[in-house]
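Asks: Sending over a structure as structure tokens; questions will come in a sec.
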8 protein chains.
Amino acid sequence: MALTVYLSGEIHTDWRNEISKGAQENDLDIVFTSPVTDHAASDAAGDMLGAETDPFWRDHKSSKVNAIRTKTLIQNADLVVIRFGDKYKQWNAAFDAGYCAALSIPYVTLHAEDIVHPLKEVDAMALAWARTTDQVVEILKYVERP
Amino acid sequence: MALTVYLSGEIHTDWRNEISKGAQENDLDIVFTSPVTDHAASDAAGDMLGAETDPFWRDHKSSKVNAIRTKTLIQNADLVVIRFGDKYKQWNAAFDAGYCAALSIPYVTLHAEDIVHPLKEVDAMALAWARTTDQVVEILKYVERP
Amino acid sequence: MALTVYLSGEIHTDWRNEISKGAQENDLDIVFTSPVTDHAASDAAGDMLGAETDPFWRDHKSSKVNAIRTKTLIQNADLVVIRFGDKYKQWNAAFDAGYCAALSIPYVTLHAEDIVHPLKEVDAMALAWARTTDQVVEILKYVERP
Amino acid sequence: MALTVYLSGEIHTDWRNEISKGAQENDLDIVFTSPVTDHAASDAAGDMLGAETDPFWRDHKSSKVNAIRTKTLIQNADLVVIRFGDKYKQWNAAFDAGYCAALSIPYVTLHAEDIVHPLKEVDAMALAWARTTDQVVEILKYVERP
Amino acid sequence: MALTVYLSGEIHTDWRNEISKGAQENDLDIVFTSPVTDHAASDAAGDMLGAETDPFWRDHKSSKVNAIRTKTLIQNADLVVIRFGDKYKQWNAAFDAGYCAALSIPYVTLHAEDIVHPLKEVDAMALAWARTTDQVVEILKYVERP
Amino acid sequence: MALTVYLSGEIHTDWRNEISKGAQENDLDIVFTSPVTDHAASDAAGDMLGAETDPFWRDHKSSKVNAIRTKTLIQNADLVVIRFGDKYKQWNAAFDAGYCAALSIPYVTLHAEDIVHPLKEVDAMALAWARTTDQVVEILKYVERP
Amino acid sequence: MALTVYLSGEIHTDWRNEISKGAQENDLDIVFTSPVTDHAASDAAGDMLGAETDPFWRDHKSSKVNAIRTKTLIQNADLVVIRFGDKYKQWNAAFDAGYCAALSIPYVTLHAEDIVHPLKEVDAMALAWARTTDQVVEILKYVERP
Amino acid sequence: MALTVYLSGEIHTDWRNEISKGAQENDLDIVFTSPVTDHAASDAAGDMLGAETDPFWRDHKSSKVNAIRTKTLIQNADLVVIRFGDKYKQWNAAFDAGYCAALSIPYVTLHAEDIVHPLKEVDAMALAWARTTDQVVEILKYVERP
């Protein structure tokens with residue numbers, strides 16, 4: 001069973017790498033996709049289209065250039081893993097969760113126990129909540145059973 | 001032009017009331033809907049179905065009972081106003097934005113300037129960003145022009 | 001908040017009546033709909049179109065005539081309550097649940113604790129599991145809060 | 001004509017194997033997919049995410065982990081064969097039928113004659129009812145004619 | 001249960017009238033809609049937009065003006081009754097059936113027994129086949145049971 | 001047959017008024033909707049949200065505020081009439097046509113003969129091309145025949 | 001540009017072969033699909049599931065087994081060519097046209113001039129009307145231009 | 001990340017070639033598609049189906065034959081680039097933009113600064129506005145980052 005798994009959310013820890021390494025070690029037939037995870041590059045994604053003086057419009061342009069990539073990848077994914085870390089607002093991750101929920105694209109969340117309460121609406125529509133990347137790999141192994 | 005407007009997000013300030021009062025003062029033909037905004041009641045929405053020892057499952061049940069209301073109201077709305085305040089994680093508000101974006105339900109955001117950057121993906125798909133409830137009322141007045 | 005609630009499943013106990021009575025006592029603005037609940041009439045729904053010698057085709061015709069009613073009512077419902085009793089196979093109730101799940105129509109289940117395990121896939125996609133009709137009424141009261 | 005056929009339902013007899021063997025013997029260009037058919041593994045699918053004391057929640061977690069696999073496979077199938085045996089409640093099979101019906105995914109049922117009546121709603125929306133795995137293979141051969 | 005029923009097909013016999021009279025006599029809460037049933041007017045529906053020398057384009061324009069009405073009415077119908085008579089090609093009736101089938105709009109057919117074979121694909125996706133207008137009224141009475 | 005008709009396009013001539021007057025004179029049961037047709041107000045629709053120095057962003061904000069109104073009205077319309085005049089680029093009118101075509105919302109065009117060639121893709125998906133507002137009224141009269 | 005083209009309709013003349021030969025001679029990158037075109041086999045498609053005494057049900061079963069193939073192929077097609085000959089009722093061909101129209105699957109018709117009038121609704125939603133198989137090949141050549 | 005990018009709009013300058021050359025020079029994994037860009041051939045696309053005396057119908061037939069190609073390519077595209085030049089009405093380009101917007105197919109526009117105002121509705125729903133083909137290539141490079 002070939003799967004495409006989109007890895008959404010936090011871009012400051014090594015979680016994407018841990019999951020894809022775990023999948024590789026288990027010979028899982030999975031293609032992982034993700035947003036551009038270089039923070040500076042992502043914030044500057046729209047700069048090629050001309051400089052902006054107002055930070056709102058700089059953000060606006062960059063978000064939309066990023067959306068060219070992320071909307072396509074999410075819609076092509078069989079499963080989305082959404083990671084919430086302990087820094088930043090991470091509203092984009094929750095946005096992706098709502099997007100998936102509306103389109104019936106299966107997603108699982110990956111986050112620590114201390115943010116269970118504020119994530120309750122996000123978790124309620126998820127097909128699983130994992131605390132560790134190992135658990136995500138276990139899910140993928142299960143889904144990929146022959 | 002009769003409109004149904006769903007007011008999503010923050011439940012700790014008076015913003016919903018300000019908008020509906022503004023609409024009333026301008027004789028706008030708008031029905032406002034919202035989630036249950038009593039925080040304690042919302043957290044306890046699933047308690048009627050039996051107590052839970054694990055807080056994750058209590059949250060889970062309550063979120064889903066709330067979703068019976070919110071999913072229906074969002075899908076019936078012509079416009080969703082999504083408010084981000086200065087407290088709490090508010091991932092549910094971002095989740096609603098993603099949900100609207102995926103279903104092409106128009107939404108506008110309402111938030112202060114200092115959170116423009118973390119909300120860039122949410123704002124990128126919004127049809128407007130308002131800083132004040134007065135601005136939201138102005139939008140509604142414009143949309144309702146004869 | 002006006003709601004249309006479709007009551008699917010078991011037709012041999014008084015549960016539909018209990019729920020609508022409970023809603024009435026609480027002045028809830030709800031229209032309840034349901035399949036034809038007269039068992040004999042339901043089995044004979046296609047007989048008007050000519051007799052069949054093969055029971056498979058008699059069932060086939062009756063099921064489809066019933067579907068004219070049930071498909072329309074389910075698709076027009078804001079919420080579906082699906083009741084599993086302790087008799088019969090009740091595959092039609094599980095079928096309705098799958099139908100709702102696929103179309104993102106919110107549903108809640110109503111059943112006793114002893115059939116939790118065989119209903120796990122059905123409950124997994126439900127927004128709530130109620131054990132009693134009183135609990136369903138409580139859910140409706142909550143959803144209808146002003 | 002390359003086909004993907006999902007085999008849903010009963011996991012206690014050899015019917016999946018009989019069908020895929022029949023397809024192979026006839027050189028049909030078909031990929032068969034299925035849920036995890038190891039009963040114990042399927043019931044334990046969510047255990048990797050932490051133990052649960054309440055059996056409802058254990059079932060809940062496992063069902064959702066299974067849904068990651070089954071929803072994707074059903075939505076990617078050109079045809080779903082749904083098997084009802086003579087044991088267990090098998091509400092998940094009827095759930096899958098309703099899911100397919102709602103999304104216009106073609107399905108055929110496979111079951112003995114003695115359960116025709118309780119399956120009438122499920123059969124009414126099926127494109128065929130087969131009594132034996134041989135008949136299913138015959139259908140596949142016909143569909144695959146050059 | 002308020003229903004909207006679109007009456008498609010043959011325009012040369014009194015069948016529409018018979019059904020709506022039958023519904024009225026039984027106090028059914030049904031709104032009947034239909035295409036323009038004046039044959040000459042229907043063929044000339046596009047003439048107001050300028051004369052055509054090529055009969056193909058005259059037909060083309062008229063069909064599209066008629067489609068403004070029929071597409072809207074079919075999509076708003078809860079049920080479509082499609083009548084095949086014994087004259088003319090009636091491809092438009094079969095076209096409406098395919099249109100309904102694709103959009104999961106329930107339809108029933110109304111035709112004599114001698115055209116069962118050529119209508120087999122159309123009947124296969126119908127929820128009922130009626131031979132007489134009385135049978136259609138019976139179906140409607142059943143669907144409308146309180 | 002109650003119809004909602006959205007009048008899209010040119011805002012510098014009296015065509016909307018001519019059509020609605022014609023409908024009124026013929027007692028047609030039609031609600032007409034339209035974008036804000038006050039050119040200056042429309043260009044300034046986003047100014048309430050703060051001034052912009054870059055004209056691109058001023059336009060951007062205004063277009064989106066207008067879209068709150070127009071997207072909702074187009075999606076609620078049974079028919080869209082799209083008018084192309086002899087001034088300006090009118091890309092928004094062609095945009096509305098593409099939008100309707102994609103969503104299978106019926107539309108008719110209203111324009112002079114000299115722009116038939118550049119409008120060929122727009123006209124190809126329209127259900128009618130009218131040269132005069134009288135012809136549009138004739139279409140509406142036909143569609144509304146009892 | 002790789003295309004999948006489904007050839008629907010008449011099964012008594014050599015038109016399918018003419019088109020695929022024409023495509024081959026022009027080195028077009030096209031996969032052609034079709035229903036089972038062996039008339040007797042098609043009528044008997046459901047016989048493997050048990051004999052029927054009532055011809056209606058025999059037709060019913062066969063039509064549905066055929067639908068397993070045809071629904072899938074039509075939904076996977078980039079273009080459908082629908083042929084109307086001079087014999088039989090051919091309601092299945094018109095049904096396929098309506099099916100395509102509803103799902104926005106492009107189709108072209110292939111028929112002689114003398115049946116233009118009864119096919120006007122079918123042709124109105126087609127993207128082309130061809131009189132000869134050569135014309136269909138010309139269309140395919142055009143669509144496949146580099 | 002393999003992408004399919006449809007290049008819509010202006011057919012009189014070399015912009016398509018510039019973009020695909022830029023993509024090639026950067027080793028991007030992109031398939032570019034486009035309408036038939038030979039103006040005379042495109043206008044004559046329907047001539048193979050018989051001559052027309054009325055230029056409206058010649059245009060009509062050609063537009064629809066072109067639509068066989070363009071509708072399929074747009075719906076299969078991950079991204080659409082829509083070019084507006086300084087000649088002609090280019091309503092077809094704006095039509096494509098509306099089509100993409102309605103189906104949530106991401107698109108970017110490519111045009112000079114002097115037509116920002118008349119394109120405001122088209123740009124409002126775009127994910128980016130580029131002034132030069134180099135900027136489009138930059139966007140594609142960004143989207144394709146590993």
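Just so we're on the same page: first chain in the structure tokens is A, next is B, and so on; residues restart at 1 for each chain, and ligands are numbered from 1 in the order they show up.
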Write down, as a list in words, each residue of chain A that has any atom within 12 Å of an atom of chain C, counting only C-alpha atoms.

Replies: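 Listed by rising number, the hits are Ala101, Ala102, Leu103, Ser104, Ile105, Glu121, Ala124, Met125, Ala126, Leu127 and Ala128 of chain A.
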
Asks: Restrict the selected residues to N, CA, C and O atoms and save them as a PDB file, in the first residue's frame.

Replies:
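The resulting selection-v7.pdb:
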ATOM      1  N   ALA A 101     -10.084  18.541   7.848  1.00  0.00           N
ATOM      2  CA  ALA A 101     -11.374  18.089   8.382  1.00  0.00           C
ATOM      3  C   ALA A 101     -12.492  18.379   7.391  1.00  0.00           C
ATOM      4  O   ALA A 101     -13.348  17.533   7.130  1.00  0.00           O
ATOM      5  N   ALA A 102     -12.471  19.576   6.814  1.00  0.00           N
ATOM      6  CA  ALA A 102     -13.539  19.963   5.897  1.00  0.00           C
ATOM      7  C   ALA A 102     -13.542  19.112   4.638  1.00  0.00           C
ATOM      8  O   ALA A 102     -14.591  18.817   4.083  1.00  0.00           O
ATOM      9  N   LEU A 103     -12.355  18.704   4.187  1.00  0.00           N
ATOM     10  CA  LEU A 103     -12.255  17.922   2.954  1.00  0.00           C
ATOM     11  C   LEU A 103     -12.185  16.422   3.214  1.00  0.00           C
ATOM     12  O   LEU A 103     -11.941  15.640   2.306  1.00  0.00           O
ATOM     13  N   SER A 104     -12.385  16.006   4.470  1.00  0.00           N
ATOM     14  CA  SER A 104     -12.318  14.585   4.836  1.00  0.00           C
ATOM     15  C   SER A 104     -10.981  13.957   4.476  1.00  0.00           C
ATOM     16  O   SER A 104     -10.908  12.787   4.100  1.00  0.00           O
ATOM     17  N   ILE A 105      -9.904  14.731   4.584  1.00  0.00           N
ATOM     18  CA  ILE A 105      -8.554  14.189   4.433  1.00  0.00           C
ATOM     19  C   ILE A 105      -8.113  13.736   5.825  1.00  0.00           C
ATOM     20  O   ILE A 105      -8.069  14.540   6.754  1.00  0.00           O
ATOM     21  N   GLU A 121     -10.499  20.822  19.945  1.00  0.00           N
ATOM     22  CA  GLU A 121     -11.284  20.818  18.698  1.00  0.00           C
ATOM     23  C   GLU A 121     -10.470  20.209  17.548  1.00  0.00           C
ATOM     24  O   GLU A 121     -11.027  19.558  16.664  1.00  0.00           O
ATOM     25  N   ALA A 124     -10.320  16.465  18.169  1.00  0.00           N
ATOM     26  CA  ALA A 124     -11.627  15.801  18.053  1.00  0.00           C
ATOM     27  C   ALA A 124     -11.879  15.285  16.638  1.00  0.00           C
ATOM     28  O   ALA A 124     -12.574  14.297  16.453  1.00  0.00           O
ATOM     29  N   MET A 125     -11.337  15.960  15.658  1.00  0.00           N
ATOM     30  CA  MET A 125     -11.563  15.546  14.268  1.00  0.00           C
ATOM     31  C   MET A 125     -10.387  14.733  13.711  1.00  0.00           C
ATOM     32  O   MET A 125     -10.442  14.286  12.559  1.00  0.00           O
ATOM     33  N   ALA A 126      -9.343  14.550  14.521  1.00  0.00           N
ATOM     34  CA  ALA A 126      -8.187  13.765  14.086  1.00  0.00           C
ATOM     35  C   ALA A 126      -8.496  12.280  14.193  1.00  0.00           C
ATOM     36  O   ALA A 126      -9.346  11.867  14.977  1.00  0.00           O
ATOM     37  N   LEU A 127      -7.773  11.464  13.429  1.00  0.00           N
ATOM     38  CA  LEU A 127      -7.958  10.015  13.546  1.00  0.00           C
ATOM     39  C   LEU A 127      -7.023   9.411  14.589  1.00  0.00           C
ATOM     40  O   LEU A 127      -7.162   8.230  14.924  1.00  0.00           O
ATOM     41  N   ALA A 128      -6.090  10.209  15.084  1.00  0.00           N
ATOM     42  CA  ALA A 128      -5.237   9.727  16.177  1.00  0.00           C
ATOM     43  C   ALA A 128      -4.484  10.903  16.774  1.00  0.00           C
ATOM     44  O   ALA A 128      -4.236  11.907  16.104  1.00  0.00           O
TER      45      ALA A 128
END

Asks: Using only C-alpha atoms, which protein or nucleic acid residues come within 12 Å of Ala51 (chain B)? Drop anything in the same chain fewer than 6 positions from it, and give the result as a ChimeraX atom specification.

Replies: /B:44-45,57-59,61-62 /D:54

Asks: Would you give me, as a list in words, the residues in chain E that DSSP reads as strand (DSSP E)?

Replies: Leu3, Thr4, Val5, Tyr6, Leu7, Ser8, Gly9, Ile30, Val31, Phe32, Thr33, Leu79, Val80, Val81, Ile82, Arg83, Tyr107, Val108, Thr109, Leu110, Ala128, Trp129 and Ala130 of chain E

Asks: Going by DSSP on the backbone, which residues of chain C come out as alpha helix (DSSP H)? List them as a PyMOL selection string.

Replies: chain C and resi 15-25+39-43+55-76+91-103+120-124+133-143

Asks: What's the 12 Å shell around Thr72 (chain G), counting only C-alpha atoms, without same-chain residues fewer than 3 positions away, as a list in words?

Replies: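 Residues near the query, excluding close chain neighbours: Met1, Ala2, Leu3, Thr4, Val5, Asn76, Ala77, Asp78, Leu79, Ser104, Ile105, Pro106, Tyr107, Val143 and Glu144 of chain D; Tyr6, Thr33, Ser34, Pro35, Val65, Asn66, Ala67, Ile68, Arg69, Gln75, Asn76 and Ala77 of chain G.
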
Asks: Which one is closest to Phe32 (chain A): H:Pro146, H:Thr133, H:Ile82, H:Leu7? Count only C-alpha atoms.

Replies: H:Pro146

Asks: Write out as an MDAnalysis selection string each polymer residue whose atoms come within 12 Å of Asp14 (chain C), counting only C-alpha atoms; drop sequence neighbours fewer than 3 positions from it.

Replies: chainID C and resid 7 9:11 17:21 37 83 85 132:133
